[in-house]
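Input: a single structure, listed below in structure tokens.
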Amino acid sequence: MKKKIFTIIILLTVVASGCKKLSVSPSDAISTETLINTSSGLTNALNGAYALFKDHIEFNGNVDANNMYLRQFYQLSDFASDDIVCGQVTTDPLYYSFSLDHSPAQANTRYYWYVSYKIITGVNTVIDAVEKSGKTDAATNQLLGECYFLRSFCHFNLVRLFGKPYSVDPNSPGIILRNNIADPSKKARSTVKEVYDSVIADAEKAAGLMTRPRGVQYASQEAAWSLLARVNLYKEDNAKAIEYANKVINSGKFTLATKSTYPTLFANATTGSETIFCVAFTTVDDYGKFGSIASMIYSDGNSGWGEEYASSSLRAAMSAHPEDVRWSYIVPVKDAGGTVQKKNGIEVYYISKFSFQGGLPNLSSPIMFRLAEMYLIRAEAEAKTGATSAALDDVDMIRKNRGLEGALYNKVVPPGSTALDVVLAEKRIEMAFEGHRTYDVFRNKKTLNKAYWGYHLTGLKETDVDLSKTPSGYPNLTVPYTNARIIYYLPVDEVLSNPLAIQNP
């Protein structure tokens with residue numbers, strides 16, 4: 001009997017249905033030979049893997065409107081930061097990111113773990129089939145390289161959420177590496193270092209294979225270089241981070257958005273000049289009020305819950321420059337008199353980075369890698385290696401394209417700051433709400449300062465809070481990198497079914 005590609009069936013049906021709910025076709029619907037030898041088989045199977053980043057799929061017997069890889073990733077990352085303020089207590093598990101009151105049973109981490117490994121298993125199946133076929137033509141290699149990229153990308157995102165930063169403890173438990181379809185179901189966690197080594201090896205292999213780009217909605221050589229720049233920066237291999245950032249910057253394929261084009265960069269991600277890799281959504285993928293990425297942070301009054309806002313901390317960091325076009329993604333909700341409205345004592349500033357594709361309030365194609373990050377990766381690595389002038393030049397390159405021509409550093413570090421301080425401050429503003437802030441703080445062994453009113457202050461009401469008190473007076477007011485809850489517990493499903501998977505303390 002021909003070997004059957006069970007996982008590919010699931011992936012193919014995502015593409016074929018275009019629906020929010022996943023359907024499963026018979027397990028003998030496609031064979032290895034069909035997958036490899038038909039012109040569309042391999043492409044469709046891989047497109048199915050991409051679809052899993054954005055589709056709401058069945059988990060534990062039901063389809064939850066909140067379940068989506070990207071929605072969960074941004075919430076697990078950004079809602080734990082000091083850039084977004086929690087507007088109210090909610091039973092949605094997103095609240096645990098704000099409060100640090102994590103649980104192995106929380107639904108969002110369980111789903112995120114599940115769908116991440118679903119993507120990894122799918123691309124592993126394709127990798128196995130292609131490599132056994134012996135096909136090495138450029139078109140096949142491109143698709144194979146995309147599989148290696150997606151596996152690298154998913155493993156890296158997992159280890160960031162469930163493992164300590166490399167710079168804090170590279171030998172601590174990371175996540176379970178799944179690099180082979182023959183892996184046993186019960187497998188121990190690899191160390192953070194082992195995961196990083198695997199991520200880098202996969203991304204390097206992907207970069208070497210991908211020579212026929214299919215558009216920014218798919219992985220490419222430049223996307224692999226971008227991932228390598230990011231991973232090496234996190235690993236504190238600054239020379240490699242600079243090397244790969246240079247490859248992207250010098251490729252000539254991307255240009256920084258200007259102050260006139262930046263305000264529409266995210267709504268037009270698939271055609272944006274900075275976009276290296278994005279997950280392309282269409283109007284079919286508009287989950288509107290209930291399940292879009294934007295639904296919790298934006299509302300037009302009809303679509304979107306709009307219950308979480310840009311924090312006063314971030315707005316204070318941006319306050320010196322009202323001319324900065326990056327303000328365009330922070331939207332105040334004002335009353336008839338022009339005063340910013342409050343909800344539960346918190347000023348309502350919506351966030352629109354994931355809005356307005358095609359004019360729709362909750363639709364976008366989220367950008368995973370873009371050119372501005374490469375300049376900031378290079379700047380951070382330069383700052384850490386003593387190349388201060390070069391680091392400030394890279395920061396100024398960003399600032400002069402964001403309307404701050406009159407506020408350039410011109411190779412001069414402000415008094416009381418370091419070059420690294422300047423870079424990290426710029427990155428906070430430039431990459432706000434894109435899933436970077438918590439990792440940037442904790443991997444640099446800093447403390448996250450959440451000394452502002454919001455429902456991250458577990459169990460308190462606004463009238464209970466005196467922010468002039470010392471941080472030790474309130475839980476979760478400041479979060480040092482040594483706090484065990486800067487990462488999440490492994491999902492209970494994994495720990496119960498796999499005794500080799502040791503839980504995070």
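In the structure tokens, chains take the letters A, B, ... in the order shown, each chain's residues start at 1, and ligands count up from 1 in the order shown.
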
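Residues surrounding Pro471 (chain A) within 10 Å are Asn449, Lys450, Ala451, Asn476, Leu477, Thr478 and Val479 of chain A [only C-alpha atoms; sequence separation below 5 positions excluded].
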
Practice item. For Leu143 (chain A), please output as a PyMOL selection string all residues within 10 Å (counting only C-alpha atoms; exclusion window: fewer than 5 positions along the same chain). Key: chain A and resi 42-43+45-47+126-127+130+138+148-149+206+209-214+218-220

Point to revise | Atom pair CA of Val331 (chain A) / CA of Asp101 (chain A): separation (Å) | key: 29.1 Å

Exercise for review: Give the answer as one residue: which of A:Asn344, A:Ser352, A:Ser313, A:Thr447 has the shortest atom-to-atom distance to Asp300 (chain A), using only C-alpha atoms?
Suggested key: A:Ser352

Check your understanding: Can you tell me, as a PyMOL selection string, what residues are no more than 9 Å from Lys411 (chain A) when counting only C-alpha atoms, ignoring any on the same chain fewer than 4 positions away?
Key -> chain A and resi 388-393+396

Could the residues in this selection be saved with C-alpha atoms as a compact mmCIF listing (two decimals), in the first residue's frame?
```txt
# COMPACT_ATOMS: atom_id res chain seq x y z
CA THR A 388 28.09 53.77 18.80
CA SER A 389 28.17 56.06 15.77
CA ALA A 390 26.93 53.31 13.47
CA ALA A 391 24.15 52.41 15.91
CA LEU A 392 22.95 56.00 16.10
CA ASP A 393 23.11 56.34 12.32
CA ASP A 396 18.46 58.16 12.71
```

Point to revise | Which of region 12-204 of chain A DSSP labels alpha helix (DSSP H), written as a PyMOL selection string | key: chain A and resi 12-17+32-37+41-51+69-78+95-99+107-133+138-162+192-204

Point to revise | Those in region 293-351 of chain A with strand (DSSP E or B) from DSSP, as a PyMOL selection string | key: chain A and resi 308-310+330-332+334+340+342-343+346-347+349-351

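Taking CA of Tyr439 (chain A) and CA of Gly306 (chain A) as endpoints, the distance between them is 24.7 Å.
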
Review point. Which polymer residues have any atom within 8 Å of an atom of Asn362 (chain A), counting only C-alpha atoms, with same-chain residues fewer than 3 positions away left out, as a PyMOL selection string?
Key: chain A and resi 286-289+292-295+298-299+303-304+354-357

Residues of region 32-121 of chain A within 8 Å of region 157-181 of chain A: nearest atom pair and distance (Å, one decimal) for each, counting only C-alpha atoms, sorted by chain and number, as a Markdown table?
```
| residue | atom | partner | partner_atom | distance |
| --- | --- | --- | --- | --- |
| A:Leu76 | CA | A:Leu161 | CA | 7.8 |
| A:Ser77 | CA | A:Leu161 | CA | 7.7 |
| A:Trp113 | CA | A:Leu158 | CA | 7.4 |
| A:Ser116 | CA | A:Leu158 | CA | 7.7 |
| A:Tyr117 | CA | A:Arg178 | CA | 7.9 |
| A:Ile120 | CA | A:Arg178 | CA | 7.1 |
| A:Thr121 | CA | A:Ile181 | CA | 6.8 |
```

Using C-alpha atoms, can you export the residues from the last selection as a PDB file, in the first residue's frame?
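Ended up saving to out-v2.pdb:
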```pdb
ATOM      1  CA  LEU A  76       0.556  36.207  24.776  1.00  0.00           C
ATOM      2  CA  SER A  77       3.415  38.534  23.839  1.00  0.00           C
ATOM      3  CA  TRP A 113       1.027  24.893  21.583  1.00  0.00           C
ATOM      4  CA  SER A 116       2.229  25.309  16.479  1.00  0.00           C
ATOM      5  CA  TYR A 117       3.019  21.620  16.521  1.00  0.00           C
ATOM      6  CA  ILE A 120       5.483  21.720  12.437  1.00  0.00           C
ATOM      7  CA  THR A 121       4.145  18.201  11.886  1.00  0.00           C
TER       8      THR A 121
END
```

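Closest approach to Asp202 (chain A) among A:Leu457, A:Val465, A:Leu490, A:Cys147: A:Cys147, based on only C-alpha atoms.
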
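Minimum atom-to-atom distance to Leu371 (chain A), evaluated using only C-alpha atoms, belongs to A:Phe277 out of A:Phe153, A:Phe73, A:Phe277, A:Tyr234.
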
Check your understanding: Counting only C-alpha atoms, which of A:Thr418, A:Thr264, A:Ser81, A:Thr125 gets nearest to Tyr309 (chain A)?
Key -> A:Ser81

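The smallest atom-to-atom distance between Phe369 (chain A) and any of A:Ser226, A:Ser190, A:Gln88, A:Asn141, using only C-alpha atoms, is found for A:Ser226.
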
Check your understanding: Got a sec: who's within 10 Å of Gly215 (chain A), counting only C-alpha atoms, leaving out chain neighbours fewer than 6 positions off, as a PyMOL selection string?
Key -> chain A and resi 270-271+276-278

Please save N, CA and C atoms of the selected residues as a PDB file, in the first residue's frame.
```pdb
ATOM      1  N   THR A 270       0.831  43.623   2.078  1.00  0.00           N
ATOM      2  CA  THR A 270       1.301  42.754   0.993  1.00  0.00           C
ATOM      3  C   THR A 270       1.998  43.530  -0.116  1.00  0.00           C
ATOM      4  N   THR A 271       1.792  44.844  -0.151  1.00  0.00           N
ATOM      5  CA  THR A 271       2.468  45.666  -1.163  1.00  0.00           C
ATOM      6  C   THR A 271       3.388  46.715  -0.542  1.00  0.00           C
ATOM      7  N   ILE A 276       8.865  42.174   4.423  1.00  0.00           N
ATOM      8  CA  ILE A 276       9.711  41.048   4.020  1.00  0.00           C
ATOM      9  C   ILE A 276       8.900  39.762   4.016  1.00  0.00           C
ATOM     10  N   PHE A 277       8.080  39.593   5.046  1.00  0.00           N
ATOM     11  CA  PHE A 277       7.205  38.419   5.127  1.00  0.00           C
ATOM     12  C   PHE A 277       5.999  38.776   5.972  1.00  0.00           C
ATOM     13  N   CYS A 278       4.808  38.490   5.436  1.00  0.00           N
ATOM     14  CA  CYS A 278       3.578  38.715   6.188  1.00  0.00           C
ATOM     15  C   CYS A 278       2.664  37.509   6.000  1.00  0.00           C
TER      16      CYS A 278
END
```
